[in-house]
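One structure is given below, encoded as structure tokens.
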Amino acid sequence: MEHIRAYIAALNSAMDILAEAADASSADLTAAGMPDAAAEIITQLAQVYFGPTSFRRRQRRAVDGARRNRHSLPTLEVIEKHARRAPTQARAWSLRAELTHIACDTREMDRRARKKLREMRAPRDPKPGVSLRRRAAGKPWTLSITGPSALIAELHQHAGSLADVASFFRTGTSAATSTVRTNVVVPLDKLVGVAYGSDDVVLTMTNGAQITGAELAQRALAEEGFITLLHPVEGPVNLYRMRRGATWKQFMMAAAENPTCPVKGCHKPADECQVHHIFSWAGGGWTNAKNLTTACAYHNGRNDDHRIGPPRNGRFERTARGVRWVNPWDPPPPDLVETGPTT
């Protein structure tokens, strides 16, 4: 056991070993008898913890934490593996300084480092503004606009193509002007708040945008607009049209219930979606509000209409909580609402 104890002691003296190796190259260590792969790892870690850096304070904190917790070489390798994946050097050093102060074994460190890195790399909220990306001569440039959803949705609706944008800036009018026909969803349990102009009421429109009750009061609803009332339990109650357009009624009610495609993570607005029969038309399903939902073209195409057994690709189902997408590996929803021919 003498050699094993010596090996364990060496592993747990990682920072002392790295400090001695700070001025050595991997060739020096190999010449001294160290295996080449181990020499490469030692010199890399030595440069991280004892080499030059612009983040000296975080480096000292990381060394202090590693010494205090007697982190082994394998544990430091795990920390470095994840630190290298940080989006910036500053964040990499913050990650090293934080992880070295955690007392745990190598496997637990790997788990915690993965979690910290995921949190660190989570997408930030975009900042409103306009940005321009220039490219080499002859290649197209990109103009990006980030702003409130209502503004961007309206811009996209009036300038859906490059020709529309060019026409607007040259003549002040869109090449193909279109009247905005969007559906304002008013949940019944929030109707009072809207009526009295409460600022904290948020209305979701079927073009994907959101406006507050105060903004709704300030806006003049066009003749082509619609208002749909939603009951918190029953779903769509009725559509109140402000001009003739009964052929759009069922679409507008489906869009009011699901202003975007119901699949989690899919943000395609209802105005760009298709109307989907939850219980297929070919299978005898009705064309009524209960059996209809909005669905983007992709998920509408992937939906399995065959109702026997679990879906092969996935399937839209109506539940007591609304329409949801059921994956092949998901258990059947416990609160399934029947939408078939018997309804």
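Following the order of the structure tokens, chains are lettered A, B, ..., residues in each are numbered from 1, and ligands are numbered from 1.
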
(message) Need to verify the contact set: Ser25 (chain A), 12 Å, only C-alpha atoms, exclusion of same-chain residues closer than 3 positions in sequence. Can you return it as a PyMOL selection string?
(response) chain A and resi 18+20-22+28-32+34+36+38-47

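Every residue of region 15-154 of chain A found in strand (DSSP E) when DSSP is run on the backbone appears here: Gly129, Val130, Ser131, Leu132, Arg133, Thr142, Leu143, Ser144, Ile145 and Thr146 of chain A.
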
(message) For Pro333 (chain A), find every residue with an atom within 9 Å (counting only C-alpha atoms), except residues of its own chain fewer than 6 positions away, and show them as number ranges by chain.
(response) A: 317, 319, 326

For the selection you just gave me, I'd like the residues written to a file as a short mmCIF file (atom, residue, chain, number, x, y, z; two decimals), in the first residue's frame, keeping C-alpha atoms.
data_model
loop_
_atom_site.label_atom_id
_atom_site.label_comp_id
_atom_site.auth_asym_id
_atom_site.auth_seq_id
_atom_site.Cartn_x
_atom_site.Cartn_y
_atom_site.Cartn_z
CA GLU A 317 -54.67 16.69 -27.93
CA THR A 319 -56.90 18.62 -22.29
CA VAL A 326 -48.11 14.82 -26.94
#

(request) Report the distance between CA of Trp329 (chain A) and CA of Gly309 (chain A) in Å, rounded to one decimal place. (result)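 Value for the CA of Trp329 (chain A)-CA of Gly309 (chain A) distance: 11.8 Å.
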
(message) Neighbouring residues of Ala320 (chain A) were defined as those with any atom within 7 Å, considering only C-alpha atoms; residues of the same chain fewer than 4 positions away were excluded. Please report them as a ChimeraX atom specification.
(response) /A:335-337

(request) Tell me, as a ChimeraX atom specification, which residues lie within 6 Å of region 285-295 of chain A, counting only C-alpha atoms; anything in the same chain fewer than 2 positions away does not count. (result) /A:254-255,261,273-281,283,300,339-341

File dump, residues just selected, N, CA and C atoms, as a PDB file, in the first residue's frame:
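The result, stored in out18.pdb:
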ATOM      1  N   ALA A 254     -59.955  29.771 -32.875  1.00  0.00           N
ATOM      2  CA  ALA A 254     -58.819  28.890 -32.593  1.00  0.00           C
ATOM      3  C   ALA A 254     -57.573  29.712 -32.303  1.00  0.00           C
ATOM      4  N   ALA A 255     -57.393  30.788 -33.072  1.00  0.00           N
ATOM      5  CA  ALA A 255     -56.234  31.647 -32.878  1.00  0.00           C
ATOM      6  C   ALA A 255     -56.299  32.394 -31.558  1.00  0.00           C
ATOM      7  N   CYS A 261     -48.463  28.569 -32.085  1.00  0.00           N
ATOM      8  CA  CYS A 261     -48.559  27.106 -32.188  1.00  0.00           C
ATOM      9  C   CYS A 261     -48.451  26.506 -30.788  1.00  0.00           C
ATOM     10  N   CYS A 273     -50.074  30.432 -38.951  1.00  0.00           N
ATOM     11  CA  CYS A 273     -50.349  29.013 -38.717  1.00  0.00           C
ATOM     12  C   CYS A 273     -51.493  28.518 -39.599  1.00  0.00           C
ATOM     13  N   GLN A 274     -51.723  27.212 -39.538  1.00  0.00           N
ATOM     14  CA  GLN A 274     -52.839  26.576 -40.214  1.00  0.00           C
ATOM     15  C   GLN A 274     -53.871  26.160 -39.169  1.00  0.00           C
ATOM     16  N   VAL A 275     -55.098  25.891 -39.625  1.00  0.00           N
ATOM     17  CA  VAL A 275     -56.130  25.377 -38.727  1.00  0.00           C
ATOM     18  C   VAL A 275     -56.061  23.854 -38.754  1.00  0.00           C
ATOM     19  N   HIS A 276     -55.943  23.253 -37.589  1.00  0.00           N
ATOM     20  CA  HIS A 276     -55.769  21.804 -37.476  1.00  0.00           C
ATOM     21  C   HIS A 276     -56.965  21.171 -36.778  1.00  0.00           C
ATOM     22  N   HIS A 277     -57.463  20.066 -37.338  1.00  0.00           N
ATOM     23  CA  HIS A 277     -58.506  19.268 -36.685  1.00  0.00           C
ATOM     24  C   HIS A 277     -57.833  18.325 -35.688  1.00  0.00           C
ATOM     25  N   ILE A 278     -58.115  18.472 -34.409  1.00  0.00           N
ATOM     26  CA  ILE A 278     -57.528  17.600 -33.395  1.00  0.00           C
ATOM     27  C   ILE A 278     -57.944  16.155 -33.643  1.00  0.00           C
ATOM     28  N   PHE A 279     -59.226  15.926 -33.801  1.00  0.00           N
ATOM     29  CA  PHE A 279     -59.724  14.625 -34.271  1.00  0.00           C
ATOM     30  C   PHE A 279     -59.933  14.805 -35.769  1.00  0.00           C
ATOM     31  N   SER A 280     -59.165  14.078 -36.567  1.00  0.00           N
ATOM     32  CA  SER A 280     -59.064  14.367 -37.999  1.00  0.00           C
ATOM     33  C   SER A 280     -60.420  14.398 -38.702  1.00  0.00           C
ATOM     34  N   TRP A 281     -60.495  15.266 -39.712  1.00  0.00           N
ATOM     35  CA  TRP A 281     -61.698  15.358 -40.536  1.00  0.00           C
ATOM     36  C   TRP A 281     -61.957  14.035 -41.232  1.00  0.00           C
ATOM     37  N   GLY A 283     -61.258  11.174 -40.205  1.00  0.00           N
ATOM     38  CA  GLY A 283     -61.714  10.193 -39.228  1.00  0.00           C
ATOM     39  C   GLY A 283     -63.076  10.500 -38.659  1.00  0.00           C
ATOM     40  N   ASN A 300     -48.192  20.657 -37.886  1.00  0.00           N
ATOM     41  CA  ASN A 300     -49.419  20.152 -38.497  1.00  0.00           C
ATOM     42  C   ASN A 300     -49.101  18.971 -39.405  1.00  0.00           C
ATOM     43  N   THR A 339     -62.706  15.014 -28.244  1.00  0.00           N
ATOM     44  CA  THR A 339     -63.130  15.966 -29.284  1.00  0.00           C
ATOM     45  C   THR A 339     -63.642  15.258 -30.525  1.00  0.00           C
ATOM     46  N   GLY A 340     -63.839  13.937 -30.431  1.00  0.00           N
ATOM     47  CA  GLY A 340     -64.211  13.149 -31.606  1.00  0.00           C
ATOM     48  C   GLY A 340     -65.649  13.328 -32.048  1.00  0.00           C
ATOM     49  N   PRO A 341     -66.117  12.456 -32.926  1.00  0.00           N
ATOM     50  CA  PRO A 341     -67.451  12.584 -33.532  1.00  0.00           C
ATOM     51  C   PRO A 341     -68.596  12.606 -32.543  1.00  0.00           C
TER      52      PRO A 341
END

(request) Could you check which of A:Ala14, A:Pro123, A:Ala19, A:Cys266 is closest to Leu76 (chain A), using only C-alpha atoms? (result)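 Nearest candidate to Leu76 (chain A) out of A:Ala14, A:Pro123, A:Ala19, A:Cys266: A:Ala14.
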
(message) Restricting the calculation to only C-alpha atoms: of A:Leu95, A:Ala159, A:Ala270, A:Leu143, which residue gets closest to Val130 (chain A)?
(response)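 When distances to Val130 (chain A) are compared using only C-alpha atoms, the smallest one comes from A:Leu143.
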
(request) State, in Å with one decimal place, the distance from CA of Ser13 (chain A) to CA of Asp64 (chain A). (result)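 That distance, rounded to one decimal, is 13.0 Å.
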